[in-house]
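In what follows, a single structure is set out as structure tokens and then discussed.
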Amino acid sequence: MKLWQRTSLRGVITVPGDKSISHRAVMFGALAQGTTRITGFLKGEDCLSTIDCFRRMGVSIELGEQAVTVQGAGLHGLKKPDSPLYTGNSGTTTRLLCGILAGQSFETSLSGDASIAKRPMGRVITPLRQMGADITGVDGNYCPLTIRPAAGLHGITYHTPVASAQLKSAILLAGLYAQGQTCVVEPALSRDHTERMLRALGVQVDSQGGTARLTPPDELRARDIAVPGDISSAAFFLVAGAILPDAELTIRNVGVNPTRTGILDALRDMGASITMDNFRDEIEPVCDLTVRSSSLHGITIGGSLIPRLIDELPVLAVAAAFAAGETRICDAQELKVKESNRIAAMVAELSRAGADVEETADGMVIRGGKPLHGAAFQTYNDHRIAMSMAVCALGCTGQSEIADDGVVAISYPDFFQTLSRLGG
């Protein structure tokens, strides 16, 4: 994909449905009693992997043009698949399935692509074993995983080493099958889509600060779920609108769950002009976002803000490269075990464009304001790196090229088409 510098980006767009919520809507709909109709579902490769896994466990799922319809099997209605479940590139599918499968009466194996095979699963395996789960993996920590029927799961109180929605969700999902309450205590509150959706389906989940406590239910009650636009996808256009000199973009129907709006806080702290309109609250809070050209300046991004914008840090690094002064990203070691090592990847790719950027043990330092030039950017088979460097290319002089641009299909299949409609 070839891209050129732009001085203007204007229009009104929508972005694909939230990836995290789309995963959960299918999973919880599959475990519920009754029919779940999901609108706004993200038809990206990761979420399609989730659908495939549950179909192979006997759940009827219809993928229509306007909605996904899930005929729930109930908490104890899943069936043994005839071969290992393949989760593709999806860490969410892999880790959340560990929690669900830990409570089943059949043996299952989980595997994914080359990226998943390198991503550590021990963080999830440890608490599930404490609950009584029987899980083994390659070197005890990696896929393929084998999950065998447990003698019986029991609730635990688990203090997580990091704030991680995938880890928290895996434990809570195992808690659906456990005797007694399951409690997860995080050092900082991670995204709470699991807690919100479980409550909407009739499960008692009490949340206070970084603590979530689940009482196992007799059943989940199906209901229709409207998936809002993914703020992680909106982030690329928020940064593009802020860094380009003649830009005004409105992004409609974006999910603004407070555990996910760290990108808005960080960009506003950098000086970005972002307004919120048409706010409404369903299972998740939703609004329209408008961003305008802004004069950005460097800030420090770290601490409790990191879990609220972990997926947006690559494109925030792009914003920092166009901001005046120094931006320091810290406490972000988690970026090293995403689809790629996103710290090393962003340092390497921003450097190609002439940015002054330095890798640190837990993040990076970007000294912004230096004119950037076009380059041939690598993607590392990582959708967020690909889209981040596309945004960077819009502000670089000359021509840029994004290698393996098809990787964006993991979360935003129409990204480049949307960019083109805006004159990008």
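Ordered as shown in the structure tokens, chains take letters A, B, and onward, while each chain numbers its residues from 1 and ligands are numbered from 1 in the order shown.
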Using only C-alpha atoms, which residues sit within 9 Å of Ala344 (chain A) once same-chain residues fewer than 5 positions away are excluded, as a PyMOL selection string? chain A and resi 336+349+359+363-364
I'd like the neighbourhood of Asp52 (chain A) as a count of residues only, where a residue qualifies if any of its atoms comes within 10 Å (using only C-alpha atoms), though same-chain residues fewer than 5 positions away should be ignored. 7
Pick the closest to Gly72 (chain A) from A:Ala222, A:Val365, A:Leu176, A:Ile125: which is it, counting only C-alpha atoms? A:Ala222
If you measure from CA of His297 (chain A) to CA of Val239 (chain A), what distance in Å do you get, rounded to one decimal?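 Taking CA of His297 (chain A) as the start and CA of Val239 (chain A) as the end point, the length is 13.0 Å.
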If we count only C-alpha atoms and set the cut-off at 6 Å, which residues sit around Phe41 (chain A), ignoring sequence neighbours fewer than 6 positions away in its own chain? Please answer as an MDAnalysis selection string. chainID A and resid 17 22 227
Could you please take those selected residues and save N, CA, C and O atoms as a PDB file, in the first residue's frame?
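Printed below is result_39.pdb as written:
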```
ATOM      1  N   GLY A  17     -17.118  -2.466  14.710  1.00  0.00           N
ATOM      2  CA  GLY A  17     -17.507  -2.772  16.077  1.00  0.00           C
ATOM      3  C   GLY A  17     -16.331  -3.124  16.960  1.00  0.00           C
ATOM      4  O   GLY A  17     -15.291  -3.606  16.499  1.00  0.00           O
ATOM      5  N   SER A  22     -17.170  -7.688  20.724  1.00  0.00           N
ATOM      6  CA  SER A  22     -17.632  -8.678  19.747  1.00  0.00           C
ATOM      7  C   SER A  22     -17.269 -10.094  20.179  1.00  0.00           C
ATOM      8  O   SER A  22     -18.088 -11.020  20.107  1.00  0.00           O
ATOM      9  N   VAL A 227     -23.118  -3.810  19.562  1.00  0.00           N
ATOM     10  CA  VAL A 227     -21.683  -3.568  19.749  1.00  0.00           C
ATOM     11  C   VAL A 227     -21.349  -2.163  19.254  1.00  0.00           C
ATOM     12  O   VAL A 227     -21.576  -1.843  18.086  1.00  0.00           O
TER      13      VAL A 227
END
```
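Proximity to Met389 (chain A) was assessed for A:Leu264, A:Ile306, A:Asn278, A:Trp4 counting only C-alpha atoms; the smallest distance is recorded for A:Trp4.
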Residues of region 270-361 of chain A classed as helix (DSSP H, G or I) by DSSP on the backbone are to be reported as a ChimeraX atom specification. /A:303-308,310-321,333-337,342-352
Enumerate as number ranges by chain all residues of region 159-355 of chain A assigned to strand (DSSP E) by DSSP on the backbone, naming them with the chain letters and numbers the document uses. A: 159, 182-185, 204-208, 211-215, 225-226, 246-255, 273-281, 285-292, 300-301, 325-329
Could those selected residues go to a file with N, CA and C atoms, as a compact mmCIF listing (two decimals), in the first residue's frame?
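The result, written out as result_1.txt:
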```
# COMPACT_ATOMS: atom_id res chain seq x y z
N HIS A 159 -5.03 -12.24 43.20
CA HIS A 159 -4.43 -10.92 42.99
C HIS A 159 -3.56 -11.01 41.73
N THR A 182 -15.87 -16.27 43.06
CA THR A 182 -14.55 -16.04 42.48
C THR A 182 -14.28 -14.55 42.51
N CYS A 183 -13.12 -14.17 43.02
CA CYS A 183 -12.78 -12.75 43.17
C CYS A 183 -11.43 -12.47 42.50
N VAL A 184 -11.40 -11.43 41.67
CA VAL A 184 -10.17 -11.01 41.01
C VAL A 184 -9.83 -9.60 41.48
N VAL A 185 -8.61 -9.43 41.98
CA VAL A 185 -8.14 -8.13 42.46
C VAL A 185 -6.98 -7.70 41.57
N GLN A 204 -24.53 -12.22 38.76
CA GLN A 204 -24.15 -11.30 39.83
C GLN A 204 -22.65 -11.10 39.83
N VAL A 205 -22.22 -9.92 39.40
CA VAL A 205 -20.81 -9.54 39.43
C VAL A 205 -20.72 -8.19 40.13
N ASP A 206 -20.08 -8.18 41.28
CA ASP A 206 -19.93 -6.95 42.06
C ASP A 206 -18.55 -6.38 41.80
N SER A 207 -18.49 -5.10 41.43
CA SER A 207 -17.22 -4.46 41.12
C SER A 207 -17.03 -3.24 42.00
N GLN A 208 -15.81 -3.12 42.50
CA GLN A 208 -15.44 -1.94 43.28
C GLN A 208 -13.96 -1.69 43.09
N THR A 211 -11.44 -4.51 41.99
CA THR A 211 -11.90 -5.81 42.46
C THR A 211 -13.21 -6.20 41.79
N ALA A 212 -13.28 -7.41 41.26
CA ALA A 212 -14.51 -7.95 40.68
C ALA A 212 -14.81 -9.28 41.36
N ARG A 213 -16.05 -9.44 41.85
CA ARG A 213 -16.44 -10.65 42.58
C ARG A 213 -17.66 -11.26 41.90
N LEU A 214 -17.53 -12.52 41.46
CA LEU A 214 -18.59 -13.21 40.72
C LEU A 214 -19.19 -14.33 41.55
N THR A 215 -20.53 -14.35 41.60
CA THR A 215 -21.27 -15.45 42.20
C THR A 215 -21.77 -16.35 41.08
N ILE A 225 -27.57 -7.70 21.80
CA ILE A 225 -26.39 -6.91 22.16
C ILE A 225 -26.01 -6.04 20.97
N ALA A 226 -25.93 -4.73 21.20
CA ALA A 226 -25.46 -3.79 20.18
C ALA A 226 -24.01 -3.45 20.48
N ASP A 246 -5.08 20.62 8.33
CA ASP A 246 -6.42 21.08 7.97
C ASP A 246 -7.36 19.88 8.07
N ALA A 247 -7.70 19.51 9.30
CA ALA A 247 -8.48 18.30 9.52
C ALA A 247 -9.65 18.57 10.45
N GLU A 248 -10.76 17.91 10.16
CA GLU A 248 -11.91 17.87 11.06
C GLU A 248 -12.67 16.58 10.75
N LEU A 249 -12.64 15.67 11.69
CA LEU A 249 -13.25 14.35 11.52
C LEU A 249 -14.25 14.09 12.63
N THR A 250 -15.41 13.57 12.27
CA THR A 250 -16.38 13.09 13.25
C THR A 250 -16.50 11.58 13.10
N ILE A 251 -16.37 10.89 14.21
CA ILE A 251 -16.46 9.43 14.25
C ILE A 251 -17.69 9.09 15.08
N ARG A 252 -18.66 8.48 14.44
CA ARG A 252 -19.95 8.23 15.09
C ARG A 252 -19.98 6.88 15.81
N ASN A 253 -20.79 6.87 16.88
CA ASN A 253 -21.14 5.62 17.57
C ASN A 253 -19.91 4.89 18.12
N VAL A 254 -19.08 5.62 18.84
CA VAL A 254 -17.85 5.04 19.41
C VAL A 254 -18.10 4.67 20.87
N GLY A 255 -17.67 3.48 21.26
CA GLY A 255 -17.76 3.08 22.65
C GLY A 255 -16.78 3.89 23.51
N SER A 273 -7.74 18.74 20.27
CA SER A 273 -9.11 19.22 20.35
C SER A 273 -10.06 18.08 20.00
N ILE A 274 -10.70 17.49 21.01
CA ILE A 274 -11.62 16.37 20.83
C ILE A 274 -12.89 16.66 21.61
N THR A 275 -14.03 16.60 20.95
CA THR A 275 -15.30 16.84 21.62
C THR A 275 -16.18 15.60 21.53
N MET A 276 -17.10 15.46 22.50
CA MET A 276 -18.02 14.33 22.57
C MET A 276 -19.45 14.85 22.46
N ASP A 277 -20.25 14.20 21.60
CA ASP A 277 -21.65 14.58 21.41
C ASP A 277 -22.51 13.32 21.32
N ASN A 278 -23.82 13.53 21.47
CA ASN A 278 -24.80 12.46 21.30
C ASN A 278 -24.49 11.27 22.21
N PHE A 279 -24.24 11.56 23.46
CA PHE A 279 -23.90 10.52 24.43
C PHE A 279 -25.13 9.72 24.81
N ARG A 280 -24.99 8.38 24.87
CA ARG A 280 -26.06 7.53 25.39
C ARG A 280 -25.42 6.32 26.06
N ASP A 281 -26.18 5.68 26.96
CA ASP A 281 -25.64 4.58 27.76
C ASP A 281 -26.53 3.36 27.59
N PRO A 285 -21.37 2.67 27.38
CA PRO A 285 -21.59 4.06 26.99
C PRO A 285 -21.06 4.33 25.58
N VAL A 286 -21.78 5.14 24.82
CA VAL A 286 -21.49 5.39 23.41
C VAL A 286 -21.66 6.88 23.13
N CYS A 287 -20.86 7.44 22.20
CA CYS A 287 -21.04 8.83 21.77
C CYS A 287 -20.40 9.02 20.40
N ASP A 288 -20.54 10.24 19.87
CA ASP A 288 -19.83 10.65 18.65
C ASP A 288 -18.63 11.50 19.06
N LEU A 289 -17.49 11.28 18.41
CA LEU A 289 -16.26 12.02 18.70
C LEU A 289 -15.88 12.88 17.50
N THR A 290 -15.50 14.13 17.76
CA THR A 290 -15.01 15.01 16.70
C THR A 290 -13.62 15.50 17.08
N VAL A 291 -12.67 15.34 16.16
CA VAL A 291 -11.29 15.79 16.37
C VAL A 291 -10.95 16.84 15.33
N ARG A 292 -10.20 17.85 15.75
CA ARG A 292 -9.77 18.91 14.85
C ARG A 292 -8.26 19.08 14.94
N THR A 300 4.16 12.73 29.66
CA THR A 300 4.55 11.42 30.16
C THR A 300 3.29 10.55 30.26
N ILE A 301 3.37 9.34 29.70
CA ILE A 301 2.24 8.41 29.71
C ILE A 301 2.68 7.18 30.48
N GLY A 325 8.42 18.75 21.68
CA GLY A 325 8.99 18.33 22.94
C GLY A 325 9.02 16.83 23.13
N GLU A 326 9.31 16.42 24.35
CA GLU A 326 9.57 15.01 24.66
C GLU A 326 8.34 14.32 25.22
N THR A 327 8.05 13.13 24.70
CA THR A 327 7.02 12.24 25.27
C THR A 327 7.71 10.99 25.78
N ARG A 328 7.35 10.63 26.99
CA ARG A 328 7.92 9.42 27.60
C ARG A 328 6.79 8.44 27.88
N ILE A 329 6.88 7.24 27.30
CA ILE A 329 5.93 6.16 27.57
C ILE A 329 6.62 5.16 28.48
```
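If you measure from each of A:Ala317, A:Ala200, A:Leu238, A:Leu167 to Ile283 (chain A) using only C-alpha atoms, the closest one turns out to be A:Ala200.
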Write out as an NGL selection string the residues lying within 8 Å of Phe377 (chain A), counting only C-alpha atoms and excluding same-chain residues fewer than 4 positions away. :A and (349 or 352 or 389 or 400-403)
Between A:Arg221, A:Arg148, A:Arg95, A:Arg268, smallest distance to Lys168 (chain A) by only C-alpha atoms belongs to A:Arg95
Any idea what's packed within 8 Å of Val357 (chain A), counting only C-alpha atoms, ignoring anything in its chain fewer than 6 positions away? Could you give it as an mmCIF file with all heavy atoms, in the first residue's frame?
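Generated output (result-v8.cif):
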```
data_model
loop_
_atom_site.group_PDB
_atom_site.id
_atom_site.type_symbol
_atom_site.label_atom_id
_atom_site.label_comp_id
_atom_site.auth_asym_id
_atom_site.auth_seq_id
_atom_site.Cartn_x
_atom_site.Cartn_y
_atom_site.Cartn_z
ATOM 1 N N VAL A 347 9.729 1.715 17.681
ATOM 2 C CA VAL A 347 11.014 2.421 17.666
ATOM 3 C C VAL A 347 11.688 2.256 16.306
ATOM 4 O O VAL A 347 12.187 3.218 15.710
ATOM 5 C CB VAL A 347 11.917 1.913 18.809
ATOM 6 C CG1 VAL A 347 13.343 2.420 18.637
ATOM 7 C CG2 VAL A 347 11.365 2.342 20.164
ATOM 8 N N LEU A 350 9.417 4.196 13.437
ATOM 9 C CA LEU A 350 9.496 5.655 13.530
ATOM 10 C C LEU A 350 10.901 6.134 13.162
ATOM 11 O O LEU A 350 11.067 7.193 12.537
ATOM 12 C CB LEU A 350 9.108 6.123 14.933
ATOM 13 C CG LEU A 350 7.623 6.025 15.283
ATOM 14 C CD1 LEU A 350 7.400 6.367 16.757
ATOM 15 C CD2 LEU A 350 6.787 6.958 14.401
ATOM 16 N N SER A 351 11.904 5.352 13.516
ATOM 17 C CA SER A 351 13.288 5.717 13.155
ATOM 18 C C SER A 351 13.473 5.729 11.639
ATOM 19 O O SER A 351 14.220 6.558 11.105
ATOM 20 C CB SER A 351 14.275 4.744 13.802
ATOM 21 O OG SER A 351 14.234 4.834 15.212
ATOM 22 N N MET A 364 9.266 3.793 25.730
ATOM 23 C CA MET A 364 10.116 4.526 24.790
ATOM 24 C C MET A 364 10.088 6.008 25.117
ATOM 25 O O MET A 364 9.183 6.505 25.800
ATOM 26 C CB MET A 364 9.656 4.284 23.352
ATOM 27 C CG MET A 364 8.264 4.775 23.018
ATOM 28 S SD MET A 364 7.654 4.210 21.389
ATOM 29 C CE MET A 364 6.927 2.632 21.843
ATOM 30 N N VAL A 365 11.099 6.709 24.608
ATOM 31 C CA VAL A 365 11.172 8.165 24.703
ATOM 32 C C VAL A 365 11.167 8.707 23.274
ATOM 33 O O VAL A 365 11.976 8.271 22.439
ATOM 34 C CB VAL A 365 12.433 8.636 25.449
ATOM 35 C CG1 VAL A 365 12.508 10.159 25.475
ATOM 36 C CG2 VAL A 365 12.457 8.071 26.864
ATOM 37 N N ILE A 366 10.250 9.627 22.982
ATOM 38 C CA ILE A 366 10.123 10.212 21.646
ATOM 39 C C ILE A 366 10.325 11.713 21.762
ATOM 40 O O ILE A 366 9.589 12.383 22.501
ATOM 41 C CB ILE A 366 8.738 9.912 21.037
ATOM 42 C CG1 ILE A 366 8.486 8.400 21.015
ATOM 43 C CG2 ILE A 366 8.618 10.486 19.627
ATOM 44 C CD1 ILE A 366 7.117 8.005 21.457
ATOM 45 N N ARG A 367 11.318 12.209 21.066
ATOM 46 C CA ARG A 367 11.574 13.659 21.062
ATOM 47 C C ARG A 367 10.991 14.204 19.764
ATOM 48 O O ARG A 367 11.567 14.069 18.686
ATOM 49 C CB ARG A 367 13.069 13.927 21.189
ATOM 50 C CG ARG A 367 13.654 13.323 22.483
ATOM 51 C CD ARG A 367 15.172 13.348 22.539
ATOM 52 N NE ARG A 367 15.659 12.641 23.718
ATOM 53 C CZ ARG A 367 15.940 11.330 23.743
ATOM 54 N NH1 ARG A 367 15.803 10.607 22.629
ATOM 55 N NH2 ARG A 367 16.356 10.764 24.862
#
```
